[in-house]
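Engineer: Coordinates in input-v2.txt, compact mmCIF, C-alpha atoms, are listed below.
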# COMPACT_ATOMS: atom_id res chain seq x y z
CA MET A 3 11.44 -5.16 29.67
CA LYS A 4 13.83 -7.94 28.59
CA LEU A 5 11.13 -10.52 29.27
CA LEU A 6 8.65 -8.55 27.17
CA LYS A 7 11.09 -8.41 24.25
CA ARG A 8 11.61 -12.14 24.57
CA ILE A 9 7.93 -13.12 24.59
CA ARG A 10 6.71 -10.50 22.09
CA PRO A 11 7.65 -12.56 18.99
CA LEU A 12 5.74 -15.52 20.42
CA GLY A 13 2.67 -13.34 21.01
CA GLU A 14 2.89 -11.90 17.49
CA SER A 15 3.19 -15.37 15.99
CA LEU A 16 0.22 -16.67 17.96
CA LEU A 17 -1.95 -13.69 16.96
CA ALA A 18 -0.97 -13.99 13.30
CA GLY A 19 -1.61 -17.73 13.34
CA LEU A 20 -5.00 -17.22 15.00
CA ALA A 21 -5.92 -14.53 12.46
CA CYS A 22 -4.87 -16.82 9.60
CA ILE A 23 -7.32 -19.46 10.87
CA THR A 24 -10.27 -17.39 12.05
CA VAL A 25 -10.50 -14.30 9.82
CA PRO A 26 -11.04 -16.28 6.57
CA LEU A 27 -14.08 -17.95 8.18
CA LEU A 28 -15.94 -14.63 8.48
CA PRO A 29 -18.45 -13.49 5.85
CA ARG A 30 -17.41 -10.41 3.90
CA ALA A 31 -19.86 -8.20 5.78
CA GLY A 32 -18.42 -9.47 9.07
CA VAL A 33 -14.88 -8.53 8.02
CA VAL A 34 -16.04 -5.01 7.12
CA ARG A 35 -17.84 -4.62 10.46
CA LEU A 36 -14.82 -5.93 12.37
CA ALA A 37 -12.59 -3.44 10.52
CA GLY A 38 -14.94 -0.67 11.61
CA CYS A 39 -14.73 -1.78 15.24
CA LEU A 40 -10.94 -2.11 15.17
CA GLY A 41 -10.59 1.24 13.42
CA ALA A 42 -12.77 2.98 16.02
CA MET A 43 -10.77 1.35 18.82
CA ALA A 44 -7.48 2.41 17.25
CA PHE A 45 -8.74 5.96 16.77
CA HIS A 46 -9.32 6.27 20.52
CA LEU A 47 -6.28 4.33 21.76
CA ALA A 48 -3.56 5.40 19.30
CA ARG A 49 -3.38 8.99 20.51
CA ARG A 50 -0.01 9.85 18.98
CA GLU A 51 -1.00 8.52 15.55
CA ARG A 52 -4.35 10.32 15.77
CA ARG A 53 -2.63 13.62 16.56
CA THR A 54 -0.17 13.07 13.69
CA ALA A 55 -2.97 12.31 11.26
CA LEU A 56 -4.95 15.42 12.26
CA ALA A 57 -1.81 17.56 12.01
CA ASN A 58 -1.14 16.19 8.52
CA LEU A 59 -4.68 17.09 7.49
CA ASP A 60 -4.13 20.62 8.77
CA VAL A 61 -1.10 20.86 6.49
CA ALA A 62 -2.82 19.24 3.52
CA PHE A 63 -6.23 20.90 3.63
CA GLY A 64 -5.85 23.88 5.97
CA ALA A 65 -9.14 25.68 6.55
CA THR A 66 -10.82 24.10 3.51
CA ARG A 67 -12.02 21.25 5.74
CA THR A 68 -13.75 21.67 9.09
CA ALA A 69 -12.49 20.03 12.28
CA GLU A 70 -15.41 17.59 12.08
CA GLU A 71 -14.55 16.65 8.50
CA LYS A 72 -10.91 16.08 9.42
CA GLU A 73 -11.88 13.86 12.33
CA ARG A 74 -14.16 11.86 10.04
CA ILE A 75 -11.32 11.43 7.54
CA VAL A 76 -8.95 10.18 10.25
CA ARG A 77 -11.56 7.72 11.53
CA GLY A 78 -11.92 6.49 7.97
CA ALA A 79 -8.16 6.09 7.63
CA PHE A 80 -7.97 3.94 10.76
CA ARG A 81 -10.88 1.86 9.48
CA ALA A 82 -9.32 1.47 6.02
CA PHE A 83 -6.00 0.35 7.46
CA SER A 84 -7.77 -2.16 9.72
CA LEU A 85 -9.46 -3.60 6.62
CA VAL A 86 -6.10 -3.89 4.86
CA LEU A 87 -4.70 -5.90 7.77
CA LEU A 88 -7.74 -8.18 8.02
CA ASP A 89 -7.80 -8.72 4.26
CA LEU A 90 -4.24 -9.99 4.27
CA PHE A 91 -5.72 -13.01 6.01
CA TRP A 92 -9.28 -13.05 4.64
CA PHE A 93 -8.16 -13.27 1.02
CA GLY A 94 -5.78 -16.07 1.99
CA ARG A 95 -8.65 -18.57 1.72
CA ASN A 96 -10.33 -19.24 -1.63
CA LYS A 97 -8.06 -16.47 -2.85
CA LYS A 98 -8.81 -16.58 -6.57
CA ARG A 99 -12.58 -16.78 -6.11
CA ARG A 100 -12.67 -14.03 -3.50
CA ILE A 101 -10.45 -11.70 -5.51
CA ALA A 102 -12.59 -12.25 -8.62
CA LYS A 103 -15.73 -11.40 -6.62
CA HIS A 104 -14.51 -8.48 -4.51
CA VAL A 105 -11.80 -6.77 -6.62
CA SER A 106 -12.58 -5.07 -9.92
CA PHE A 107 -10.59 -2.97 -12.34
CA ASP A 108 -11.53 0.41 -13.71
CA PRO A 109 -10.87 0.66 -17.47
CA SER A 110 -8.05 3.10 -16.60
CA PHE A 111 -6.11 0.19 -15.09
CA ASP A 112 -5.26 -0.86 -18.65
CA HIS A 113 -2.54 1.80 -18.45
CA TYR A 114 -0.76 -0.70 -16.20
CA LEU A 115 -2.05 -4.05 -17.49
CA LYS A 116 -1.18 -3.38 -21.13
CA THR A 117 2.14 -1.59 -20.65
CA ALA A 118 5.50 -3.35 -20.40
CA PRO A 119 8.07 -2.85 -19.18
CA VAL A 120 6.39 -0.74 -16.54
CA ILE A 121 7.13 0.62 -13.09
CA ALA A 122 3.94 0.83 -11.05
CA VAL A 123 4.19 3.40 -8.28
CA THR A 124 1.71 3.56 -5.44
CA ALA A 125 1.50 4.47 -1.78
CA HIS A 126 0.11 3.26 1.53
CA LEU A 127 -3.34 4.36 0.40
CA GLY A 128 -6.40 2.11 0.05
CA ASN A 129 -5.25 -1.51 -0.29
CA TRP A 130 -1.96 -1.77 -2.13
CA GLU A 131 -1.60 -5.41 -1.04
CA ILE A 132 -4.72 -6.81 -2.70
CA MET A 133 -4.18 -4.68 -5.80
CA GLY A 134 -0.89 -6.43 -6.52
CA GLN A 135 -2.39 -9.86 -5.93
CA ALA A 136 -5.43 -9.11 -8.11
CA ALA A 137 -3.27 -7.75 -10.94
CA ALA A 138 -1.16 -10.91 -10.82
CA GLN A 139 -4.34 -12.95 -11.12
CA GLN A 140 -5.04 -11.00 -14.33
CA GLY A 141 -1.71 -12.17 -15.71
CA ALA A 142 0.10 -8.94 -14.86
CA ALA A 143 2.25 -10.06 -11.94
CA SER A 144 4.75 -7.55 -10.62
CA LEU A 145 7.96 -7.81 -8.68
CA SER A 146 8.16 -5.70 -5.54
CA VAL A 147 10.48 -5.24 -2.59
CA ALA A 148 9.20 -5.85 0.94
CA THR A 149 10.97 -4.83 4.11
CA PRO A 150 11.46 -8.06 6.10
CA LEU A 151 9.77 -8.19 9.49
CA ALA A 152 11.81 -8.91 12.60
CA ASN A 153 9.48 -11.82 13.37
CA ARG A 154 10.55 -14.46 10.86
CA PHE A 155 7.45 -16.61 11.34
CA VAL A 156 5.09 -13.71 10.58
CA ASP A 157 7.34 -12.54 7.73
CA ARG A 158 7.21 -15.96 6.04
CA MET A 159 3.44 -16.10 6.52
CA LEU A 160 2.89 -12.69 4.90
CA THR A 161 5.23 -13.50 2.03
CA ARG A 162 3.30 -16.70 1.34
CA LEU A 163 0.00 -14.80 1.37
CA ARG A 164 1.38 -12.09 -0.94
CA GLU A 165 2.77 -14.57 -3.45
CA GLY A 166 -0.45 -16.61 -3.64
CA THR A 167 -1.44 -15.39 -7.12
CA GLY A 168 2.03 -15.18 -8.64
CA GLN A 169 3.25 -11.82 -7.36
CA GLY A 170 7.00 -11.80 -6.78
CA ILE A 171 8.70 -10.46 -3.65
CA ALA A 172 12.38 -9.52 -3.80
CA GLU A 173 14.69 -9.27 -0.81
CA GLN A 174 16.07 -5.82 -0.01
CA THR A 175 19.68 -6.97 -0.36
CA GLY A 176 20.55 -6.75 -4.05
CA ALA A 177 17.02 -5.59 -4.91
CA VAL A 178 18.08 -2.94 -7.45
CA ARG A 179 19.90 -5.49 -9.57
CA VAL A 180 16.89 -7.84 -9.50
CA LEU A 181 14.45 -5.05 -10.41
CA LEU A 182 16.63 -3.85 -13.29
CA LYS A 183 16.83 -7.39 -14.65
CA ALA A 184 13.04 -7.78 -14.50
CA LEU A 185 12.46 -4.51 -16.36
CA ARG A 186 15.07 -5.23 -19.02
CA GLU A 187 13.28 -8.51 -19.68
CA GLY A 188 10.01 -6.63 -20.25
CA GLY A 189 8.52 -7.24 -16.82
CA LYS A 190 6.58 -5.21 -14.29
CA VAL A 191 7.88 -3.74 -11.05
CA ALA A 192 5.82 -2.20 -8.24
CA LEU A 193 7.14 0.36 -5.75
CA LEU A 194 5.69 2.01 -2.64
CA ILE A 195 7.09 5.52 -2.86
CA ASP A 196 5.85 7.15 0.38
CA GLN A 197 8.74 5.82 2.46
CA ASN A 198 10.22 9.04 3.90
CA THR A 199 13.47 8.33 2.01
CA LEU A 200 16.06 10.99 2.86
CA PRO A 201 18.61 12.21 0.28
CA ASP A 202 21.48 10.25 1.83
CA LYS A 203 19.38 7.10 1.31
CA GLY A 204 18.55 7.80 -2.32
CA GLY A 205 15.65 10.21 -1.89
CA VAL A 206 14.95 13.78 -2.88
CA PHE A 207 12.79 16.50 -1.36
CA VAL A 208 9.55 17.11 -3.29
CA ASN A 209 6.72 19.56 -2.85
CA LEU A 210 3.80 17.66 -1.29
CA PHE A 211 0.78 19.72 -0.22
CA GLY A 212 3.00 22.80 -0.27
CA THR A 213 5.48 21.24 2.16
CA PRO A 214 8.97 19.78 1.48
CA ALA A 215 8.81 15.99 1.91
CA PRO A 216 11.48 13.34 1.23
CA MET A 217 10.55 10.74 -1.39
CA SER A 218 12.44 7.88 -3.02
CA LYS A 219 13.88 8.45 -6.50
CA ALA A 220 13.83 4.69 -7.18
CA ALA A 221 11.11 4.80 -9.85
CA ALA A 222 12.79 7.62 -11.77
CA THR A 223 16.20 5.95 -11.49
CA LEU A 224 14.94 2.57 -12.70
CA SER A 225 13.12 4.23 -15.59
CA ALA A 226 16.22 6.19 -16.58
CA HIS A 227 18.25 2.98 -16.79
CA THR A 228 15.65 0.83 -18.59
CA GLY A 229 13.27 3.13 -20.47
CA ALA A 230 10.34 1.58 -18.61
CA ALA A 231 7.10 3.55 -18.33
CA VAL A 232 6.03 4.90 -14.93
CA VAL A 233 2.36 4.49 -14.00
CA PHE A 234 0.66 5.55 -10.77
CA VAL A 235 -1.85 2.95 -9.52
CA TYR A 236 -4.15 2.74 -6.53
CA CYS A 237 -7.00 0.66 -5.15
CA VAL A 238 -9.80 1.80 -2.82
CA ALA A 239 -12.74 0.07 -1.13
CA ASP A 240 -16.40 1.04 -1.07
CA GLU A 241 -18.68 0.80 1.97
CA LYS A 242 -19.33 -2.91 1.30
CA GLY A 243 -15.60 -3.69 1.31
CA ASP A 244 -15.38 -4.27 -2.44
CA TYR A 245 -12.24 -2.90 -4.07
CA ARG A 246 -11.69 -1.11 -7.37
CA ALA A 247 -8.26 -0.50 -8.85
CA TYR A 248 -7.34 2.54 -10.93
CA ALA A 249 -4.31 3.73 -12.91
CA LEU A 250 -3.34 7.19 -14.10
CA PRO A 251 -1.99 7.70 -17.63
CA PRO A 252 1.76 7.01 -17.82
CA LEU A 253 3.72 9.71 -16.01
CA LEU A 254 6.70 8.75 -18.13
CA ALA A 255 6.01 6.97 -21.43
CA PRO A 256 7.96 3.87 -22.52
CA GLY A 257 11.40 4.86 -23.76
CA ALA A 258 11.10 8.42 -22.52
CA ARG A 259 13.81 9.98 -20.38
CA GLY A 260 13.39 12.60 -17.70
CA LYS A 261 15.40 14.18 -14.93
CA GLU A 262 15.04 12.07 -11.80
CA GLU A 263 14.08 15.01 -9.60
CA GLU A 264 11.41 16.20 -12.05
CA VAL A 265 9.96 12.70 -12.50
CA THR A 266 9.82 12.20 -8.73
CA GLN A 267 8.04 15.54 -8.32
CA THR A 268 5.49 14.45 -10.94
CA ILE A 269 4.92 11.25 -8.95
CA ALA A 270 4.47 13.30 -5.78
CA GLN A 271 1.89 15.50 -7.52
CA SER A 272 -0.01 12.41 -8.64
CA LEU A 273 0.00 11.12 -5.08
CA GLU A 274 -1.29 14.45 -3.81
CA ASN A 275 -4.09 14.46 -6.40
CA VAL A 276 -5.21 10.95 -5.46
CA ILE A 277 -5.15 11.75 -1.75
CA ARG A 278 -7.30 14.84 -2.36
CA LYS A 279 -9.77 12.63 -4.24
CA HIS A 280 -9.70 9.82 -1.63
CA PRO A 281 -8.55 11.36 1.65
Would you mind writing the file out in structure tokens?

Structural biologist:
Amino acid sequence: MKLLKRIRPLGESLLAGLACITVPLLPRAGVVRLAGCLGAMAFHLARRERRTALANLDVAFGATRTAEEKERIVRGAFRAFSLVLLDLFWFGRNKKRRIAKHVSFDPSFDHYLKTAPVIAVTAHLGNWEIMGQAAAQQGAASLSVATPLANRFVDRMLTRLREGTGQGIAEQTGAVRVLLKALREGGKVALLIDQNTLPDKGGVFVNLFGTPAPMSKAAATLSAHTGAAVVFVYCVADEKGDYRAYALPPLLAPGARGKEEEVTQTIAQSLENVIRKHP
């Protein structure tokens, strides 16, 4: 076991380095097919995650979806996440050209692009990574906080890929101060809110699919201190692997003030609505 822990970082670094070299060489259709293969493999091998996903669908949709529909949704989720991982590397080459060709913006995304200061809230749904990079390429770069990986080599590689179009990544230590400064200067901040943040860590329980779930109050807190608007954004892929980004109307308008718990519940409801539309 000690030997495994010692060699694991080396294995991770080698795999990440290999992916960084080989994945960008694939045609777009090849990346999509590979994501399908990896997703199918993960669906069969990751038994615990598969059971968790199916149980979550039972909570979210109950008897409104058949067992076959739920299994199809879970297969799709594994495939979508595989595409997110591959695209971290694939968009690393000819980044600007590939983003311009394969990422588009729905007119609703103007709710984010043309609002400042703004707090963009999203979740681990679709491809949150490429959305931030594409928005930055449109001149609407955001500042976000990323949890550092234990493997420093892989962490530096991912940070470099994420920052390729001007997106900013803040360290967790002292992040609140940095985010507040950015908003007070009229900037844009992006937050992933589905982090299972318990109350003693700054979260609050919200109603999500009729079930109490802990969610971070960070967006509501930052808005309360700066008057920044809160906008829910998301980005999903079609069957060809082309992405389209969307934004909901501001959940909290610029300068508005709302109770943190109520604002966070509104964010949770927006997340639930988007998941129902794109399960």

Engineer: Write out as a PyMOL selection string each polymer residue whose atoms come within 10 Å of A:Arg77, counting only C-alpha atoms; drop sequence neighbours fewer than 3 positions from it.

Structural biologist: chain A and resi 38+41-46+52+55+71-74+80-82

Engineer: Report as CSV the residues of stretch 183-205 of chain A within 10 Å of stretch 261-270 of chain A, each with its shortest atom pair and distance in Å (one decimal), using all atoms listed in the file, ordered by chain and increasing residue number.

Structural biologist:
residue,atom,partner,partner_atom,distance
A:Ile195,CA,A:Ile269,CA,8.6
A:Asp196,CA,A:Ala270,CA,8.8
A:Gly205,CA,A:Thr266,CA,9.2

Engineer: What does the distance from atom CA of A:Val206 to atom CA of A:Ser218 come to in Å, to one decimal?

Structural biologist: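 Computed distance, atom CA of A:Val206 to atom CA of A:Ser218, equals 6.4 Å.
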
Engineer: Go through stretch 161-200 of chain A residue by residue and, counting all atoms listed in the file, keep those with an atom at most 12 Å from stretch 83-100 of chain A; for each kept residue give the shortest atom pair and its distance in Å to one decimal, ordered by chain and increasing number, as CSV.

Structural biologist:
residue,atom,partner,partner_atom,distance
A:Thr161,CA,A:Leu90,CA,10.3
A:Arg162,CA,A:Gly94,CA,9.1
A:Leu163,CA,A:Gly94,CA,6.0
A:Arg164,CA,A:Leu90,CA,7.9
A:Glu165,CA,A:Gly94,CA,10.2
A:Gly166,CA,A:Lys97,CA,7.7
A:Thr167,CA,A:Lys98,CA,7.5
A:Gly168,CA,A:Lys98,CA,11.1

Engineer: Taking into account all atoms listed in the file, which residue in the set A:Pro119, A:Gly212, A:Gly64, A:Gly204 is nearest to A:Leu185?

Structural biologist: A:Pro119

Engineer: What is the distance, in Å and to one decimal place, between atom CA of A:Lys242 and atom CA of A:Leu28?

Structural biologist: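 Interatomic distance, atom CA of A:Lys242 to atom CA of A:Leu28: 14.2 Å.
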
Engineer: Quote the spacing between atom CA of A:Ile75 and atom CA of A:Ala18 in Å to one decimal place.

Structural biologist: 28.0 Å

Engineer: For A:Pro214, which residue out of A:Ala62, A:Leu127, A:Val235, A:Ala102 is the nearest one, using all atoms listed in the file?

Structural biologist: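 Of all the options, A:Ala62 lies closest to A:Pro214.
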
Engineer: Using the file's own x, y and z axes, what box holds all listed atoms of stretch 36-44 of chain A with 3 Å on each side, keeping edges along x, y and z, and what are its centre and edge lengths in Å to one decimal, as JSON?

Structural biologist:
{"center_x": -11.2, "center_y": -1.5, "center_z": 14.7, "size_x": 13.5, "size_y": 14.9, "size_z": 14.3}
